[in-house]
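Data from coords_35.cif: mmCIF, C-alpha atoms and all ligand atoms
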data_upload
loop_
_atom_site.label_atom_id
_atom_site.label_comp_id
_atom_site.auth_asym_id
_atom_site.auth_seq_id
_atom_site.Cartn_x
_atom_site.Cartn_y
_atom_site.Cartn_z
CA MET O 1 0.00 0.00 0.00
CA LYS O 2 1.01 3.64 -0.36
CA ALA O 3 1.78 5.69 2.75
CA ILE O 4 3.40 8.98 3.68
CA VAL O 5 6.39 8.07 5.82
CA TYR O 6 8.91 10.12 7.80
CA THR O 7 12.11 8.69 9.24
CA LYS O 8 13.56 11.90 10.68
CA TYR O 9 12.14 15.05 12.25
CA GLY O 10 11.94 18.13 10.07
CA GLY O 11 9.73 20.15 7.77
CA PRO O 12 7.31 18.82 5.11
CA GLU O 13 10.32 17.92 2.92
CA VAL O 14 11.06 14.89 5.14
CA LEU O 15 7.68 13.35 4.24
CA GLN O 16 8.01 10.70 1.53
CA ILE O 17 5.43 8.67 -0.31
CA LYS O 18 6.44 5.00 -0.08
CA GLU O 19 5.13 1.55 -0.96
CA ILE O 20 4.97 -0.44 2.30
CA LYS O 21 3.40 -3.63 3.63
CA LYS O 22 -0.34 -3.47 4.35
CA PRO O 23 -0.86 -3.78 8.15
CA SER O 24 -2.75 -6.66 9.80
CA PRO O 25 -5.12 -6.03 12.68
CA LYS O 26 -4.34 -7.41 16.16
CA ASP O 27 -7.10 -9.29 18.01
CA ASP O 28 -8.60 -6.08 19.40
CA GLU O 29 -8.18 -4.03 16.21
CA VAL O 30 -9.89 -3.50 12.88
CA LEU O 31 -8.23 -2.97 9.50
CA ILE O 32 -9.57 0.15 7.79
CA LYS O 33 -9.35 1.15 4.14
CA VAL O 34 -8.77 4.87 4.62
CA TYR O 35 -10.80 7.17 2.37
CA ALA O 36 -9.98 10.49 4.03
CA VAL O 37 -7.68 11.90 6.70
CA SER O 38 -7.23 15.43 8.03
CA ILE O 39 -4.20 17.35 9.32
CA ASN O 40 -4.06 18.46 12.94
CA ASP O 41 -1.68 20.76 14.76
CA TRP O 42 -0.45 17.70 16.65
CA ASP O 43 0.66 16.06 13.36
CA ASP O 44 2.65 19.21 12.60
CA GLY O 45 4.27 19.10 16.08
CA LEU O 46 5.17 15.43 15.62
CA LEU O 47 6.60 16.14 12.17
CA HIS O 48 8.89 18.90 13.41
CA GLY O 49 9.72 17.01 16.62
CA ASP O 50 9.53 19.67 19.30
CA PHE O 51 10.67 18.61 22.76
CA ILE O 52 7.30 17.33 24.03
CA ASN O 53 6.61 15.38 20.83
CA ARG O 54 10.10 13.82 20.92
CA LEU O 55 9.28 12.55 24.40
CA LEU O 56 6.20 10.94 22.89
CA ASN O 57 7.62 9.58 19.64
CA GLY O 58 11.37 9.12 20.06
CA LEU O 59 14.17 11.48 21.07
CA GLN O 60 16.44 11.01 18.05
CA LYS O 61 14.03 9.89 15.34
CA PRO O 62 10.33 9.12 15.09
CA LYS O 63 9.31 5.66 16.30
CA LYS O 64 5.88 5.85 14.69
CA GLN O 65 6.69 6.85 11.15
CA ILE O 66 3.25 7.41 9.66
CA LEU O 67 1.39 10.46 10.96
CA GLY O 68 -2.32 11.18 10.69
CA SER O 69 -4.85 10.67 13.45
CA ASP O 70 -8.25 11.78 12.17
CA ILE O 71 -9.37 9.20 9.65
CA ALA O 72 -12.53 8.01 7.95
CA GLY O 73 -12.86 4.79 6.02
CA ARG O 74 -14.42 1.35 5.62
CA ILE O 75 -13.60 -1.71 7.75
CA GLU O 76 -11.92 -4.45 5.70
CA ALA O 77 -11.17 -6.97 8.46
CA VAL O 78 -11.79 -7.37 12.20
CA GLY O 79 -9.66 -8.96 14.93
CA LYS O 80 -11.18 -11.88 16.83
CA ASN O 81 -11.96 -9.86 19.97
CA VAL O 82 -13.74 -7.01 18.15
CA SER O 83 -17.43 -6.88 18.98
CA ARG O 84 -18.73 -3.42 17.99
CA PHE O 85 -17.88 -3.42 14.28
CA LYS O 86 -18.02 -5.73 11.29
CA THR O 87 -16.45 -5.82 7.84
CA GLY O 88 -18.01 -3.16 5.59
CA ASP O 89 -18.86 -0.68 8.38
CA GLU O 90 -18.04 2.95 7.59
CA VAL O 91 -16.22 4.46 10.54
CA TYR O 92 -14.24 7.50 11.64
CA GLY O 93 -12.22 8.57 14.65
CA ASP O 94 -9.07 10.00 16.19
CA LEU O 95 -6.19 7.47 16.27
CA SER O 96 -3.78 9.77 18.13
CA GLY O 97 -1.20 7.83 20.10
CA LYS O 98 -1.12 5.25 17.33
CA TRP O 99 -1.47 7.54 14.29
CA GLY O 100 -0.94 5.87 10.87
CA GLY O 101 -3.66 7.75 8.98
CA PHE O 102 -1.67 9.03 5.97
CA ALA O 103 -1.86 5.62 4.33
CA GLU O 104 -4.22 3.59 2.19
CA TYR O 105 -4.86 1.20 5.11
CA THR O 106 -4.48 1.53 8.86
CA CYS O 107 -5.38 -0.46 11.96
CA ALA O 108 -7.28 0.92 14.94
CA ARG O 109 -8.76 -0.21 18.21
CA GLU O 110 -12.54 -0.22 18.18
CA LYS O 111 -12.73 2.28 21.05
CA ALA O 112 -11.10 4.90 18.78
CA LEU O 113 -13.92 4.64 16.25
CA ALA O 114 -17.55 5.58 15.75
CA LEU O 115 -19.92 4.60 12.97
CA LYS O 116 -20.12 7.27 10.27
CA PRO O 117 -23.67 8.36 9.43
CA ALA O 118 -24.55 7.49 5.81
CA SER O 119 -25.30 11.16 5.07
CA MET O 120 -21.82 12.26 6.19
CA SER O 121 -19.09 12.10 3.51
CA PHE O 122 -15.72 10.54 4.33
CA GLU O 123 -14.14 14.01 3.91
CA GLU O 124 -16.56 15.52 6.43
CA ALA O 125 -16.01 12.64 8.86
CA ALA O 126 -12.21 12.97 8.73
CA ALA O 127 -12.51 16.69 9.51
CA ILE O 128 -14.39 16.12 12.75
CA PRO O 129 -12.59 14.12 15.47
CA GLN O 130 -9.88 16.21 17.13
CA ALA O 131 -11.04 19.73 16.29
CA ALA O 132 -14.70 19.12 17.09
CA MET O 133 -13.85 17.31 20.37
CA LEU O 134 -11.67 20.26 21.43
CA ALA O 135 -14.49 22.69 20.58
CA VAL O 136 -17.13 20.66 22.45
CA GLN O 137 -14.92 19.94 25.45
CA GLY O 138 -13.69 23.56 25.53
CA LEU O 139 -17.05 25.29 25.20
CA ILE O 140 -19.39 22.84 26.92
CA ASP O 141 -17.38 20.72 29.39
CA LYS O 142 -14.85 23.32 30.58
CA GLY O 143 -16.48 26.59 29.49
CA LYS O 144 -20.00 25.65 30.66
CA ILE O 145 -21.37 27.85 27.90
CA GLN O 146 -24.76 29.42 28.72
CA PRO O 147 -27.47 30.75 26.40
CA GLY O 148 -26.90 34.30 25.21
CA GLN O 149 -23.36 34.64 26.53
CA LYS O 150 -20.72 36.85 24.94
CA LEU O 151 -18.00 34.54 23.63
CA LEU O 152 -14.67 35.19 21.93
CA ILE O 153 -12.76 32.55 19.96
CA ASN O 154 -9.06 33.33 19.50
CA GLY O 155 -7.70 31.56 16.38
CA ALA O 156 -11.22 31.30 15.00
CA GLY O 157 -10.59 30.31 11.38
CA GLY O 158 -8.98 26.90 11.88
CA GLY O 159 -10.37 23.52 12.89
CA VAL O 160 -11.50 24.25 16.44
CA GLY O 161 -12.88 27.71 15.70
CA THR O 162 -15.02 26.65 12.75
CA PHE O 163 -16.66 23.95 14.89
CA GLY O 164 -16.74 26.30 17.89
CA ILE O 165 -18.87 28.95 16.16
CA GLN O 166 -21.46 26.34 15.13
CA ILE O 167 -21.71 24.92 18.65
CA ALA O 168 -21.84 28.40 20.21
CA LYS O 169 -24.71 29.38 17.91
CA LEU O 170 -26.73 26.40 19.19
CA TYR O 171 -26.57 28.23 22.55
CA GLY O 172 -27.50 31.59 21.02
CA ALA O 173 -24.15 33.09 21.99
CA GLU O 174 -22.91 36.42 20.60
CA VAL O 175 -19.58 35.38 19.13
CA THR O 176 -16.44 37.35 18.27
CA GLY O 177 -13.79 35.65 16.13
CA VAL O 178 -10.13 36.64 16.14
CA ASP O 179 -7.89 35.67 13.22
CA SER O 180 -5.73 37.12 10.43
CA THR O 181 -6.98 39.51 7.73
CA GLY O 182 -7.53 36.88 5.01
CA LYS O 183 -9.89 34.80 7.15
CA LEU O 184 -12.26 37.50 8.35
CA ASP O 185 -14.72 37.26 5.43
CA MET O 186 -15.02 33.52 5.98
CA LEU O 187 -15.65 34.12 9.69
CA ARG O 188 -18.43 36.62 8.90
CA SER O 189 -19.99 34.18 6.43
CA MET O 190 -19.98 31.47 9.11
CA GLY O 191 -22.02 33.62 11.46
CA PHE O 192 -19.46 35.31 13.72
CA ASP O 193 -21.20 38.46 14.97
CA HIS O 194 -17.93 40.40 15.26
CA VAL O 195 -14.45 39.81 13.90
CA ILE O 196 -11.06 41.11 15.04
CA ASP O 197 -7.91 41.09 12.95
CA TYR O 198 -5.15 40.13 15.37
CA THR O 199 -2.53 41.73 13.13
CA LYS O 200 -4.17 45.10 13.78
CA GLU O 201 -5.87 44.89 17.17
CA ASP O 202 -5.21 43.21 20.52
CA PHE O 203 -8.57 42.00 21.86
CA THR O 204 -7.24 42.04 25.43
CA LYS O 205 -6.54 45.76 25.20
CA ASN O 206 -9.56 47.24 23.43
CA GLY O 207 -11.77 47.54 26.54
CA ASN O 208 -14.27 44.81 25.51
CA CYS O 209 -15.13 41.97 27.90
CA TYR O 210 -16.53 38.47 27.43
CA ASP O 211 -18.27 35.80 29.51
CA LEU O 212 -16.22 33.09 27.85
CA ILE O 213 -12.99 33.01 25.83
CA LEU O 214 -11.95 29.88 23.90
CA ASP O 215 -8.30 30.09 22.88
CA VAL O 216 -6.45 27.84 20.43
CA LYS O 217 -3.29 30.01 20.35
CA THR O 218 -2.64 30.99 24.01
CA ASN O 219 0.02 33.54 23.19
CA ARG O 220 -0.68 36.17 25.86
CA SER O 221 -0.31 36.47 29.61
CA MET O 222 -3.12 35.05 31.79
CA PHE O 223 -3.49 38.55 33.28
CA ASP O 224 -4.27 39.91 29.80
CA TYR O 225 -6.94 37.27 29.30
CA ALA O 226 -8.40 37.92 32.76
CA ARG O 227 -8.69 41.62 31.86
CA ALA O 228 -10.88 40.70 28.87
CA LEU O 229 -13.31 38.68 31.04
CA TYR O 230 -16.39 39.86 32.93
CA ARG O 231 -16.61 38.97 36.64
CA ASN O 232 -17.28 35.18 36.82
CA GLY O 233 -16.06 34.92 33.23
CA VAL O 234 -14.18 31.82 32.05
CA TYR O 235 -11.04 31.57 29.92
CA VAL O 236 -10.50 28.14 28.34
CA THR O 237 -7.31 27.22 26.51
CA VAL O 238 -7.11 24.21 24.22
CA GLY O 239 -3.46 24.76 23.28
CA GLY O 240 -0.73 27.15 22.21
CA SER O 241 2.57 28.34 23.63
CA ILE O 242 4.01 25.87 26.17
CA GLY O 243 5.19 28.73 28.42
CA ARG O 244 1.72 30.29 28.47
CA LEU O 245 0.07 26.92 29.11
CA PHE O 246 2.40 26.41 32.05
CA GLN O 247 1.39 29.84 33.32
CA ALA O 248 -2.29 28.85 32.95
CA LEU O 249 -1.57 25.75 35.02
CA LEU O 250 0.20 27.73 37.75
CA LEU O 251 -2.20 30.67 37.91
CA GLY O 252 -5.38 28.70 37.19
CA SER O 253 -6.20 28.29 40.88
CA TRP O 254 -4.86 31.72 42.02
CA ILE O 255 -6.55 34.15 39.65
CA PRO O 256 -10.12 33.17 40.73
CA MET O 257 -9.28 33.87 44.39
CA PHE O 258 -8.61 37.53 43.66
CA SER O 259 -10.75 38.29 40.64
CA LYS O 260 -13.68 35.81 40.35
CA LYS O 261 -12.38 34.98 36.88
CA HIS O 262 -11.59 31.42 35.89
CA ILE O 263 -8.74 29.88 33.89
CA ARG O 264 -9.26 26.34 32.58
CA ILE O 265 -7.26 23.97 30.36
CA VAL O 266 -8.72 21.32 28.07
CA ALA O 267 -7.03 17.92 28.16
CA LEU O 268 -8.45 16.30 25.05
CA LYS O 269 -10.58 13.21 25.59
CA PRO O 270 -10.30 11.71 22.10
CA ASN O 271 -13.54 10.59 20.46
CA LYS O 272 -15.65 11.21 23.60
CA ASP O 273 -18.30 13.27 21.82
CA LEU O 274 -18.47 11.65 18.39
CA ALA O 275 -22.01 10.37 19.05
CA TYR O 276 -23.05 13.96 19.87
CA MET O 277 -21.42 15.16 16.63
CA ASN O 278 -23.30 12.47 14.67
CA GLU O 279 -26.55 13.72 16.22
CA LEU O 280 -25.79 17.35 15.35
CA PHE O 281 -24.68 16.45 11.84
CA GLU O 282 -27.77 14.37 11.10
CA ALA O 283 -29.98 17.19 12.41
CA GLY O 284 -28.23 19.61 10.00
CA LYS O 285 -26.80 21.62 12.89
CA ILE O 286 -23.13 21.16 12.14
CA LYS O 287 -21.14 21.09 8.90
CA PRO O 288 -17.35 20.75 8.82
CA VAL O 289 -15.48 23.46 6.90
CA ILE O 290 -13.13 21.66 4.53
CA ASP O 291 -10.00 23.00 2.87
CA GLY O 292 -9.12 20.71 -0.04
CA PRO O 293 -9.37 17.81 -0.45
CA TYR O 294 -5.74 17.13 -1.38
CA LYS O 295 -4.39 13.81 -2.67
CA LEU O 296 -2.09 11.50 -0.69
CA ASP O 297 0.98 12.53 -2.73
CA GLU O 298 0.13 16.18 -1.93
CA VAL O 299 0.48 15.65 1.85
CA PRO O 300 3.87 17.49 2.02
CA GLU O 301 2.29 20.48 0.24
CA ALA O 302 -0.75 20.30 2.54
CA PHE O 303 1.61 20.42 5.57
CA ARG O 304 3.32 23.48 4.04
CA ILE O 305 -0.04 25.22 3.75
CA PHE O 306 -0.94 24.17 7.31
CA GLY O 307 2.41 25.34 8.67
CA LYS O 308 1.91 28.78 7.16
CA GLY O 309 -1.60 28.95 8.64
CA GLU O 310 -3.09 29.44 5.17
CA HIS O 311 -5.80 26.80 5.59
CA LYS O 312 -9.41 27.60 6.42
CA GLY O 313 -11.23 25.11 8.65
CA LYS O 314 -9.82 21.59 8.30
CA LEU O 315 -7.27 20.49 5.70
CA VAL O 316 -8.44 17.15 4.34
CA ILE O 317 -6.64 14.53 2.23
CA THR O 318 -8.50 11.88 0.24
CA MET O 319 -7.06 8.64 -1.15
N1 LIG Q 401 -5.62 20.24 24.83
C1 LIG Q 401 -5.29 19.13 24.18
O1 LIG Q 401 -5.28 18.03 24.74
C2 LIG Q 401 -4.95 19.24 22.72
C3 LIG Q 401 -4.87 18.13 21.90
C4 LIG Q 401 -4.60 18.31 20.54
C5 LIG Q 401 -4.40 19.60 20.04
N2 LIG Q 401 -4.46 20.66 20.89
C6 LIG Q 401 -4.31 22.05 20.43
O2 LIG Q 401 -5.47 22.46 19.77
C7 LIG Q 401 -5.15 23.53 18.91
C8 LIG Q 401 -5.66 23.21 17.51
O3 LIG Q 401 -6.45 24.24 17.03
P1 LIG Q 401 -6.94 24.28 15.52
O4 LIG Q 401 -7.11 22.89 15.03
O5 LIG Q 401 -8.08 25.18 15.43
O6 LIG Q 401 -5.66 24.92 14.79
P2 LIG Q 401 -5.58 25.57 13.37
O7 LIG Q 401 -6.48 24.89 12.41
O8 LIG Q 401 -4.13 25.68 13.06
O9 LIG Q 401 -6.17 27.06 13.57
C9 LIG Q 401 -5.51 28.06 14.27
C10 LIG Q 401 -5.98 29.41 13.74
O10 LIG Q 401 -5.35 30.43 14.53
C11 LIG Q 401 -4.92 31.48 13.67
N3 LIG Q 401 -3.85 32.22 14.33
C12 LIG Q 401 -2.51 32.11 14.18
N4 LIG Q 401 -1.88 32.97 15.00
C13 LIG Q 401 -2.84 33.64 15.67
C14 LIG Q 401 -2.80 34.66 16.65
N5 LIG Q 401 -1.65 35.16 17.10
N6 LIG Q 401 -3.97 35.11 17.15
C15 LIG Q 401 -5.14 34.64 16.70
N7 LIG Q 401 -5.24 33.65 15.76
C16 LIG Q 401 -4.11 33.16 15.25
C17 LIG Q 401 -4.50 30.74 12.40
O11 LIG Q 401 -4.58 31.59 11.27
P3 LIG Q 401 -3.36 32.45 10.69
O12 LIG Q 401 -2.15 31.57 10.72
O13 LIG Q 401 -3.82 32.85 9.31
O14 LIG Q 401 -3.21 33.62 11.56
C18 LIG Q 401 -5.58 29.65 12.30
O15 LIG Q 401 -6.70 30.10 11.56
C19 LIG Q 401 -3.65 23.69 18.94
O16 LIG Q 401 -3.31 24.73 19.82
C20 LIG Q 401 -3.19 22.35 19.49
O17 LIG Q 401 -1.96 22.44 20.15
C21 LIG Q 401 -4.75 20.50 22.19
#
Encoding of this model in structure tokens:
Amino acid sequence: MKAIVYTKYGGPEVLQIKEIKKPSPKDDEVLIKVYAVSINDWDDGLLHGDFINRLLNGLQKPKKQILGSDIAGRIEAVGKNVSRFKTGDEVYGDLSGKWGGFAEYTCAREKALALKPASMSFEEAAAIPQAAMLAVQGLIDKGKIQPGQKLLINGAGGGVGTFGIQIAKLYGAEVTGVDSTGKLDMLRSMGFDHVIDYTKEDFTKNGNCYDLILDVKTNRSMFDYARALYRNGVYVTVGGSIGRLFQALLLGSWIPMFSKKHIRIVALKPNKDLAYMNELFEAGKIKPVIDGPYKLDEVPEAFRIFGKGEHKGKLVITM
């Protein structure tokens, strides 16, 4: 089978398309013919091999050499202990920890998968897992979003933000999106009530306040974020600068004592809310925003686009 393989850390140029042996499922795994896979920030981190990702995937060189976690495809074979799925089922899910999605076939444990609704395309399914889970777990589980709240999404035009706006609108929130100049029209067309161009304006310094902030970039001090919150407001980070995340961890329990403002961090629970996403999708309440699709041999180019932040919504690859 064809797969995109990397044997050393680096930029998109280290990704190579190779012919390799088709994998076989273990007893608790299924073999999936992959139809679509999307790129996540985590794939980019694993490709470049920053310190944290080297701890996960090998200090000198990558142990797991095929990236790609968010896949959608059809089950071709099942291990003898698999009970939830059968050959022919159309499934999708986040395989992070195992990865292997940039390939024509991959193996996955059944707990990493959900059945794909027939009305959902493989491209749409591959766009959902990580970004939508972060949006749901950030806004609902950690943010406790309430009807009519004023919400700001920082880094609004990527995967998490484009799911976040759709979830927030189900709660009737008034939503501000922050991103770069070229993405503001898309944000308006998606229903953001207000947009801010971060290259021209700092939302923590313009005097506006919010009940809830969902941040995918976390590039400012926690004190700046607290200033942009109303009393009892909640700041939720899903990721960003390691230094700032560490600050969020340290100050998360102190800031509320003095200011009645809350700092929370999302630790992704992969695939937890896929059934909820299926429900929303089938009810016409959610639609993934797809950039692409690109072909498997275009994965290095797709990573270049992702690395420059030029994508809108989710960058999807089809086989
Ligand atoms: N908590 C967990 O367990 C967990 C697990 C997996 C991933 N994550 C995190 O989840 C996040 C993934 O978010 P995503 O999928 O939405 O990423 P994404 O698709 O890359 O979107 C990020 C958006 O932010 C914009 N942006 C860049 N710099 C910005 C700035 N200074 N201010 C405001 N916006 C800016 C980018 O556009 P431009 O480049 O055009 O500006 C892009 O539209 C990452 O932070 C990742 O580390 C967390």
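Of the residues under consideration (O:Leu115, O:Ile317, O:Val34, O:Ile165), O:Ile165 shows the shortest atom-to-atom contact distance to ligand LIG 401 (chain Q) when counting all atoms listed in the file.
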Output as JSON lines one row per residue of chain O within 7 Å of ligand LIG 401 (chain Q): the closest atom pair and its distance in Å to one decimal place, counting only C-alpha atoms and all ligand atoms, sorted by chain and residue number ascending.
{"residue": "O:Asn40", "atom": "CA", "partner": "Q:LIG401", "partner_atom": "O4", "distance": 5.8}
{"residue": "O:Asp41", "atom": "CA", "partner": "Q:LIG401", "partner_atom": "C20", "distance": 5.2}
{"residue": "O:Trp42", "atom": "CA", "partner": "Q:LIG401", "partner_atom": "C5", "distance": 5.5}
{"residue": "O:Gln130", "atom": "CA", "partner": "Q:LIG401", "partner_atom": "C4", "distance": 6.6}
{"residue": "O:Ala131", "atom": "CA", "partner": "Q:LIG401", "partner_atom": "O4", "distance": 5.2}
{"residue": "O:Leu134", "atom": "CA", "partner": "Q:LIG401", "partner_atom": "O2", "distance": 6.8}
{"residue": "O:Asn154", "atom": "CA", "partner": "Q:LIG401", "partner_atom": "C15", "distance": 5.0}
{"residue": "O:Gly155", "atom": "CA", "partner": "Q:LIG401", "partner_atom": "O10", "distance": 3.2}
{"residue": "O:Ala156", "atom": "CA", "partner": "Q:LIG401", "partner_atom": "C10", "distance": 5.7}
{"residue": "O:Gly157", "atom": "CA", "partner": "Q:LIG401", "partner_atom": "O15", "distance": 3.9}
{"residue": "O:Gly158", "atom": "CA", "partner": "Q:LIG401", "partner_atom": "O7", "distance": 3.3}
{"residue": "O:Gly159", "atom": "CA", "partner": "Q:LIG401", "partner_atom": "O5", "distance": 3.8}
{"residue": "O:Val160", "atom": "CA", "partner": "Q:LIG401", "partner_atom": "O5", "distance": 3.7}
{"residue": "O:Gly161", "atom": "CA", "partner": "Q:LIG401", "partner_atom": "O5", "distance": 5.4}
{"residue": "O:Val178", "atom": "CA", "partner": "Q:LIG401", "partner_atom": "C15", "distance": 5.4}
{"residue": "O:Asp179", "atom": "CA", "partner": "Q:LIG401", "partner_atom": "N7", "distance": 4.2}
{"residue": "O:Ser180", "atom": "CA", "partner": "Q:LIG401", "partner_atom": "O14", "distance": 4.5}
{"residue": "O:Gly182", "atom": "CA", "partner": "Q:LIG401", "partner_atom": "O13", "distance": 7.0}
{"residue": "O:Lys183", "atom": "CA", "partner": "Q:LIG401", "partner_atom": "O13", "distance": 6.7}
{"residue": "O:Tyr198", "atom": "CA", "partner": "Q:LIG401", "partner_atom": "N6", "distance": 5.5}
{"residue": "O:Val216", "atom": "CA", "partner": "Q:LIG401", "partner_atom": "O16", "distance": 4.5}
{"residue": "O:Lys217", "atom": "CA", "partner": "Q:LIG401", "partner_atom": "O16", "distance": 5.3}
{"residue": "O:Asn219", "atom": "CA", "partner": "Q:LIG401", "partner_atom": "N5", "distance": 6.5}
{"residue": "O:Val238", "atom": "CA", "partner": "Q:LIG401", "partner_atom": "N1", "distance": 4.3}
{"residue": "O:Gly239", "atom": "CA", "partner": "Q:LIG401", "partner_atom": "O16", "distance": 3.5}
{"residue": "O:Gly240", "atom": "CA", "partner": "Q:LIG401", "partner_atom": "O16", "distance": 4.3}
{"residue": "O:Ile265", "atom": "CA", "partner": "Q:LIG401", "partner_atom": "N1", "distance": 6.9}
{"residue": "O:Val266", "atom": "CA", "partner": "Q:LIG401", "partner_atom": "N1", "distance": 4.6}
{"residue": "O:Ala267", "atom": "CA", "partner": "Q:LIG401", "partner_atom": "O1", "distance": 3.8}
{"residue": "O:Leu268", "atom": "CA", "partner": "Q:LIG401", "partner_atom": "O1", "distance": 3.6}
{"residue": "O:Phe306", "atom": "CA", "partner": "Q:LIG401", "partner_atom": "O8", "distance": 6.7}
{"residue": "O:Lys308", "atom": "CA", "partner": "Q:LIG401", "partner_atom": "O12", "distance": 6.1}
{"residue": "O:Gly309", "atom": "CA", "partner": "Q:LIG401", "partner_atom": "O12", "distance": 3.4}
{"residue": "O:Glu310", "atom": "CA", "partner": "Q:LIG401", "partner_atom": "O13", "distance": 5.4}
{"residue": "O:His311", "atom": "CA", "partner": "Q:LIG401", "partner_atom": "O15", "distance": 6.9}
{"residue": "O:Lys312", "atom": "CA", "partner": "Q:LIG401", "partner_atom": "O15", "distance": 6.3}
{"residue": "O:Gly313", "atom": "CA", "partner": "Q:LIG401", "partner_atom": "O7", "distance": 6.1}
{"residue": "O:Lys314", "atom": "CA", "partner": "Q:LIG401", "partner_atom": "O7", "distance": 6.2}
Legend entry - Shortest interatomic distance to Ser119 in chain O - which of O:Gly58, O:Gln65, O:Glu90, O:Asp202, counting all atoms listed in the file: O:Glu90
Inset, instruction - Compute the distance from (-17.7, 30.0, 33.4) to each atom, counting only C-alpha atoms, keep the residues with any atom at most 12 Å away, and return them as a ChimeraX atom specification; use the coordinates of the file. - result: /O:138-146,149-151,210-214,229-236,256,260-264
Selection file, C-alpha atoms, as a PDB file, keeping the file's coordinate frame:
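In the end it all went to selection15.pdb:
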ATOM      1  CA  GLY O 138     -13.690  23.560  25.530  1.00  0.00           C
ATOM      2  CA  LEU O 139     -17.050  25.290  25.200  1.00  0.00           C
ATOM      3  CA  ILE O 140     -19.390  22.840  26.920  1.00  0.00           C
ATOM      4  CA  ASP O 141     -17.380  20.720  29.390  1.00  0.00           C
ATOM      5  CA  LYS O 142     -14.850  23.320  30.580  1.00  0.00           C
ATOM      6  CA  GLY O 143     -16.480  26.590  29.490  1.00  0.00           C
ATOM      7  CA  LYS O 144     -20.000  25.650  30.660  1.00  0.00           C
ATOM      8  CA  ILE O 145     -21.370  27.850  27.900  1.00  0.00           C
ATOM      9  CA  GLN O 146     -24.760  29.420  28.720  1.00  0.00           C
ATOM     10  CA  GLN O 149     -23.360  34.640  26.530  1.00  0.00           C
ATOM     11  CA  LYS O 150     -20.720  36.850  24.940  1.00  0.00           C
ATOM     12  CA  LEU O 151     -18.000  34.540  23.630  1.00  0.00           C
ATOM     13  CA  TYR O 210     -16.530  38.470  27.430  1.00  0.00           C
ATOM     14  CA  ASP O 211     -18.270  35.800  29.510  1.00  0.00           C
ATOM     15  CA  LEU O 212     -16.220  33.090  27.850  1.00  0.00           C
ATOM     16  CA  ILE O 213     -12.990  33.010  25.830  1.00  0.00           C
ATOM     17  CA  LEU O 214     -11.950  29.880  23.900  1.00  0.00           C
ATOM     18  CA  LEU O 229     -13.310  38.680  31.040  1.00  0.00           C
ATOM     19  CA  TYR O 230     -16.390  39.860  32.930  1.00  0.00           C
ATOM     20  CA  ARG O 231     -16.610  38.970  36.640  1.00  0.00           C
ATOM     21  CA  ASN O 232     -17.280  35.180  36.820  1.00  0.00           C
ATOM     22  CA  GLY O 233     -16.060  34.920  33.230  1.00  0.00           C
ATOM     23  CA  VAL O 234     -14.180  31.820  32.050  1.00  0.00           C
ATOM     24  CA  TYR O 235     -11.040  31.570  29.920  1.00  0.00           C
ATOM     25  CA  VAL O 236     -10.500  28.140  28.340  1.00  0.00           C
ATOM     26  CA  PRO O 256     -10.120  33.170  40.730  1.00  0.00           C
ATOM     27  CA  LYS O 260     -13.680  35.810  40.350  1.00  0.00           C
ATOM     28  CA  LYS O 261     -12.380  34.980  36.880  1.00  0.00           C
ATOM     29  CA  HIS O 262     -11.590  31.420  35.890  1.00  0.00           C
ATOM     30  CA  ILE O 263      -8.740  29.880  33.890  1.00  0.00           C
ATOM     31  CA  ARG O 264      -9.260  26.340  32.580  1.00  0.00           C
TER      32      ARG O 264
END
Inset, instruction - To one decimal in Å, tell me the separation between CA of Lys63 in chain O and CA of Ala108 in chain O. - result: 17.3 Å
Inset, instruction - Please indicate the distance in Å from CA of Trp99 in chain O to CA of Ser69 in chain O, rounded to one decimal place. - result: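 Between CA of Trp99 in chain O and CA of Ser69 in chain O the gap is 4.7 Å.
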Legend entry - Shell around range 282-291 of chain O at 12 Å using only C-alpha atoms, local window under 6 positions removed, as number ranges by chain: O: 36-39, 116-129, 131-132, 136, 157-171, 186-187, 189-190, 275-276, 302, 305-306, 309-318
Inset, instruction - Tell me, in Å to one decimal, how far CA of Phe192 in chain O is from CA of Gly148 in chain O. - result: 13.7 Å
Inset, instruction - Measuring atom to atom with only C-alpha atoms, identify which of O:Lys61, O:His194, O:Lys272, O:Lys295 is nearest to Thr176 in chain O. - result: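 Looking at the shortest contact to Thr176 in chain O, the residue is O:His194.
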Inset, instruction - May I ask which of the residues O:Cys107, O:Asp193, O:Lys21, O:Phe223 is the closest one to Leu95 in chain O, counting all atoms listed in the file? - result: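 Among the listed residues, O:Cys107 lies closest to Leu95 in chain O.
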